[in-house]
Amino acid sequence: MPSELDLIRRMYAYNSRARAKYLTAIWKLPPRARYRDRGASYPSIVDIFLHVMDAYRVWFDEVYAGGPPPDWYPLGQRFTVAEARREMRAIDRRVLGVVDSLRPEDLDRRFALPKRWHANRPIVLRELLVHMIEEELQHRGEMNALLWQADRDSPVTGFDDTRGRG
(Lines give C-alpha, C1' and ligand atoms only; values in the text may rest on other atoms or scores of the structure.)
Protein backbone atom coordinates (compact mmCIF):
# COMPACT_ATOMS: atom_id res chain seq x y z
CA MET A 1 0.00 0.00 0.00
CA PRO A 2 1.43 3.41 -0.95
CA SER A 3 2.31 5.77 1.86
CA GLU A 4 0.82 9.23 2.28
CA LEU A 5 3.99 10.73 0.83
CA ASP A 6 3.89 8.33 -2.13
CA LEU A 7 0.34 9.44 -2.88
CA ILE A 8 1.31 13.12 -2.62
CA ARG A 9 4.21 12.54 -5.02
CA ARG A 10 1.90 10.77 -7.49
CA MET A 11 -0.59 13.65 -7.30
CA TYR A 12 2.16 16.22 -7.96
CA ALA A 13 3.43 14.17 -10.93
CA TYR A 14 -0.14 13.90 -12.22
CA ASN A 15 -0.73 17.65 -11.88
CA SER A 16 2.53 18.37 -13.66
CA ARG A 17 1.60 16.19 -16.62
CA ALA A 18 -1.93 17.55 -16.76
CA ARG A 19 -0.67 21.15 -16.54
CA ALA A 20 1.49 20.60 -19.63
CA LYS A 21 -1.57 19.36 -21.53
CA TYR A 22 -3.51 22.46 -20.49
CA LEU A 23 -0.70 24.74 -21.61
CA THR A 24 -0.81 23.09 -25.05
CA ALA A 25 -4.60 23.34 -25.24
CA ILE A 26 -4.62 26.99 -24.18
CA TRP A 27 -2.03 28.03 -26.76
CA LYS A 28 -4.00 26.27 -29.51
CA LEU A 29 -6.68 28.90 -28.97
CA PRO A 30 -6.46 31.98 -31.16
CA PRO A 31 -4.87 34.88 -29.25
CA ARG A 32 -8.17 36.74 -28.98
CA ALA A 33 -9.80 33.76 -27.22
CA ARG A 34 -6.70 33.07 -25.15
CA TYR A 35 -6.61 36.58 -23.65
CA ARG A 36 -10.33 37.41 -23.62
CA ASP A 37 -11.67 38.54 -20.25
CA ARG A 38 -14.31 35.99 -19.31
CA GLY A 39 -15.06 37.36 -15.84
CA ALA A 40 -13.61 34.30 -14.14
CA SER A 41 -11.41 34.21 -11.03
CA TYR A 42 -8.73 35.87 -13.18
CA PRO A 43 -9.61 37.65 -16.41
CA SER A 44 -8.36 35.28 -19.12
CA ILE A 45 -7.58 31.60 -19.36
CA VAL A 46 -3.88 32.52 -19.63
CA ASP A 47 -4.18 34.61 -16.45
CA ILE A 48 -5.74 31.65 -14.63
CA PHE A 49 -2.98 29.32 -15.83
CA LEU A 50 -0.31 31.78 -14.69
CA HIS A 51 -2.08 32.30 -11.37
CA VAL A 52 -1.51 28.60 -10.65
CA MET A 53 2.19 29.18 -11.34
CA ASP A 54 2.12 32.20 -8.99
CA ALA A 55 0.49 30.08 -6.28
CA TYR A 56 3.28 27.51 -6.50
CA ARG A 57 5.87 30.30 -6.27
CA VAL A 58 4.20 31.77 -3.17
CA TRP A 59 3.82 28.47 -1.35
CA PHE A 60 7.10 26.84 -2.33
CA ASP A 61 9.48 29.79 -2.77
CA GLU A 62 8.15 32.17 -0.14
CA VAL A 63 6.51 29.99 2.51
CA TYR A 64 8.44 26.70 2.24
CA ALA A 65 11.85 28.15 1.30
CA GLY A 66 11.45 31.37 3.30
CA GLY A 67 12.23 33.59 0.32
CA PRO A 68 10.83 36.98 -0.60
CA PRO A 69 7.35 37.37 -2.09
CA PRO A 70 7.44 36.62 -5.82
CA ASP A 71 6.89 39.17 -8.53
CA TRP A 72 3.42 38.29 -9.79
CA TYR A 73 2.86 37.53 -13.43
CA PRO A 74 1.15 40.63 -14.81
CA LEU A 75 -2.50 40.15 -15.72
CA GLY A 76 -3.11 40.42 -19.44
CA GLN A 77 0.53 40.01 -20.44
CA ARG A 78 0.81 38.24 -23.76
CA PHE A 79 3.25 35.41 -23.16
CA THR A 80 4.44 33.22 -25.99
CA VAL A 81 3.96 29.49 -25.60
CA ALA A 82 7.74 29.17 -25.23
CA GLU A 83 7.77 31.72 -22.38
CA ALA A 84 4.85 30.03 -20.62
CA ARG A 85 6.43 26.60 -21.06
CA ARG A 86 9.77 27.88 -19.69
CA GLU A 87 8.01 29.30 -16.60
CA MET A 88 6.04 26.08 -16.09
CA ARG A 89 9.14 23.91 -16.38
CA ALA A 90 11.13 26.08 -13.97
CA ILE A 91 8.35 25.86 -11.40
CA ASP A 92 8.02 22.11 -11.96
CA ARG A 93 11.74 21.62 -11.33
CA ARG A 94 11.54 23.49 -8.02
CA VAL A 95 8.26 21.99 -6.80
CA LEU A 96 8.91 18.41 -7.87
CA GLY A 97 12.45 18.70 -6.49
CA VAL A 98 11.03 19.64 -3.08
CA VAL A 99 8.36 16.94 -3.16
CA ASP A 100 10.85 14.26 -4.25
CA SER A 101 13.29 15.23 -1.47
CA LEU A 102 10.75 14.93 1.36
CA ARG A 103 10.80 12.23 4.01
CA PRO A 104 7.63 11.10 5.79
CA GLU A 105 8.60 12.96 8.98
CA ASP A 106 8.88 16.23 7.00
CA LEU A 107 5.10 16.26 6.49
CA ASP A 108 4.66 17.45 10.10
CA ARG A 109 7.02 20.44 9.73
CA ARG A 110 5.45 23.83 10.37
CA PHE A 111 6.04 26.98 8.37
CA ALA A 112 5.21 30.54 9.29
CA LEU A 113 2.88 32.29 6.91
CA PRO A 114 3.72 35.76 5.59
CA LYS A 115 2.84 38.52 8.07
CA ARG A 116 0.73 40.29 5.42
CA TRP A 117 -1.72 37.36 5.59
CA HIS A 118 -2.47 38.01 9.28
CA ALA A 119 -2.59 34.26 9.89
CA ASN A 120 -2.91 33.17 13.49
CA ARG A 121 -1.06 29.87 13.10
CA PRO A 122 1.68 28.33 10.96
CA ILE A 123 0.87 25.84 8.25
CA VAL A 124 1.85 22.19 8.44
CA LEU A 125 3.66 21.00 5.33
CA ARG A 126 1.11 18.26 4.62
CA GLU A 127 -1.62 20.95 4.59
CA LEU A 128 0.43 23.12 2.24
CA LEU A 129 0.97 20.21 -0.14
CA VAL A 130 -2.68 19.17 -0.15
CA HIS A 131 -3.81 22.79 -0.53
CA MET A 132 -1.77 23.14 -3.71
CA ILE A 133 -3.31 19.96 -5.15
CA GLU A 134 -6.75 21.45 -4.44
CA GLU A 135 -5.74 24.87 -5.80
CA GLU A 136 -4.67 23.45 -9.13
CA LEU A 137 -7.70 21.18 -9.47
CA GLN A 138 -10.06 24.09 -8.77
CA HIS A 139 -8.49 26.24 -11.47
CA ARG A 140 -8.28 23.30 -13.88
CA GLY A 141 -12.05 22.96 -13.62
CA GLU A 142 -12.36 26.66 -14.35
CA MET A 143 -10.07 26.32 -17.39
CA ASN A 144 -12.23 23.40 -18.59
CA ALA A 145 -15.28 25.66 -18.55
CA LEU A 146 -13.45 28.39 -20.48
CA LEU A 147 -12.16 25.91 -23.07
CA TRP A 148 -15.70 24.57 -23.52
CA GLN A 149 -17.01 28.14 -23.92
CA ALA A 150 -14.44 28.56 -26.69
CA ASP A 151 -15.85 25.37 -28.29
CA ARG A 152 -12.69 23.36 -27.50
CA ASP A 153 -12.31 20.10 -25.67
CA SER A 154 -10.35 20.18 -22.46
CA PRO A 155 -7.41 17.79 -22.22
CA VAL A 156 -8.37 14.32 -21.12
CA THR A 157 -6.45 13.43 -17.99
CA GLY A 158 -6.80 10.76 -15.40
CA PHE A 159 -5.00 9.94 -12.22
CA ASP A 160 -3.66 6.68 -13.67
CA ASP A 161 -1.85 8.79 -16.27
CA THR A 162 0.85 9.17 -13.62
CA ARG A 163 2.08 5.71 -14.55
CA GLY A 164 3.44 7.08 -17.81
CA ARG A 165 0.50 6.67 -20.16
CA GLY A 166 -0.50 10.33 -20.24
# chains A, B, ... in the order shown; residues from 1 in each chain; ligands from 1
>>> residues_around(residues="A:Ala25", least_positions_apart="2", cutoff="12 Å", atoms="only C-alpha atoms", output="MDAnalysis selection string")
chainID A and resid 18:23 27:30 33:34 45:46 49 81 140 143:144 146:148 150:156
>>> select_by_dssp(residues="chain A", states="helix (DSSP H, G or I)", output="PyMOL selection string")
chain A and resi 4-28+31-35+45-64+81-101+104-108+115-117+125-149+159-163
>>> select_by_dssp(residues="chain A", states="strand (DSSP E or B)", output="VMD selection string")
chain A and resid 110 to 111 123 to 124
>>> closest_residue(among="A:Leu102, A:Val95, A:Gly39, A:Ile8", to="A:Glu127", atoms="only C-alpha atoms")
A:Ile8
>>> closest_residue(among="A:Ala112, A:Ile26, A:Leu129, A:Leu107", to="A:Arg85", atoms="only C-alpha atoms")
A:Ile26
>>> closest_residue(among="A:Asp71, A:Glu4, A:Leu128, A:Ala82", to="A:His51", atoms="only C-alpha atoms")
A:Asp71
>>> closest_residue(among="A:Tyr64, A:Trp59, A:Tyr73, A:Phe79", to="A:Arg110", atoms="only C-alpha atoms")
A:Tyr64
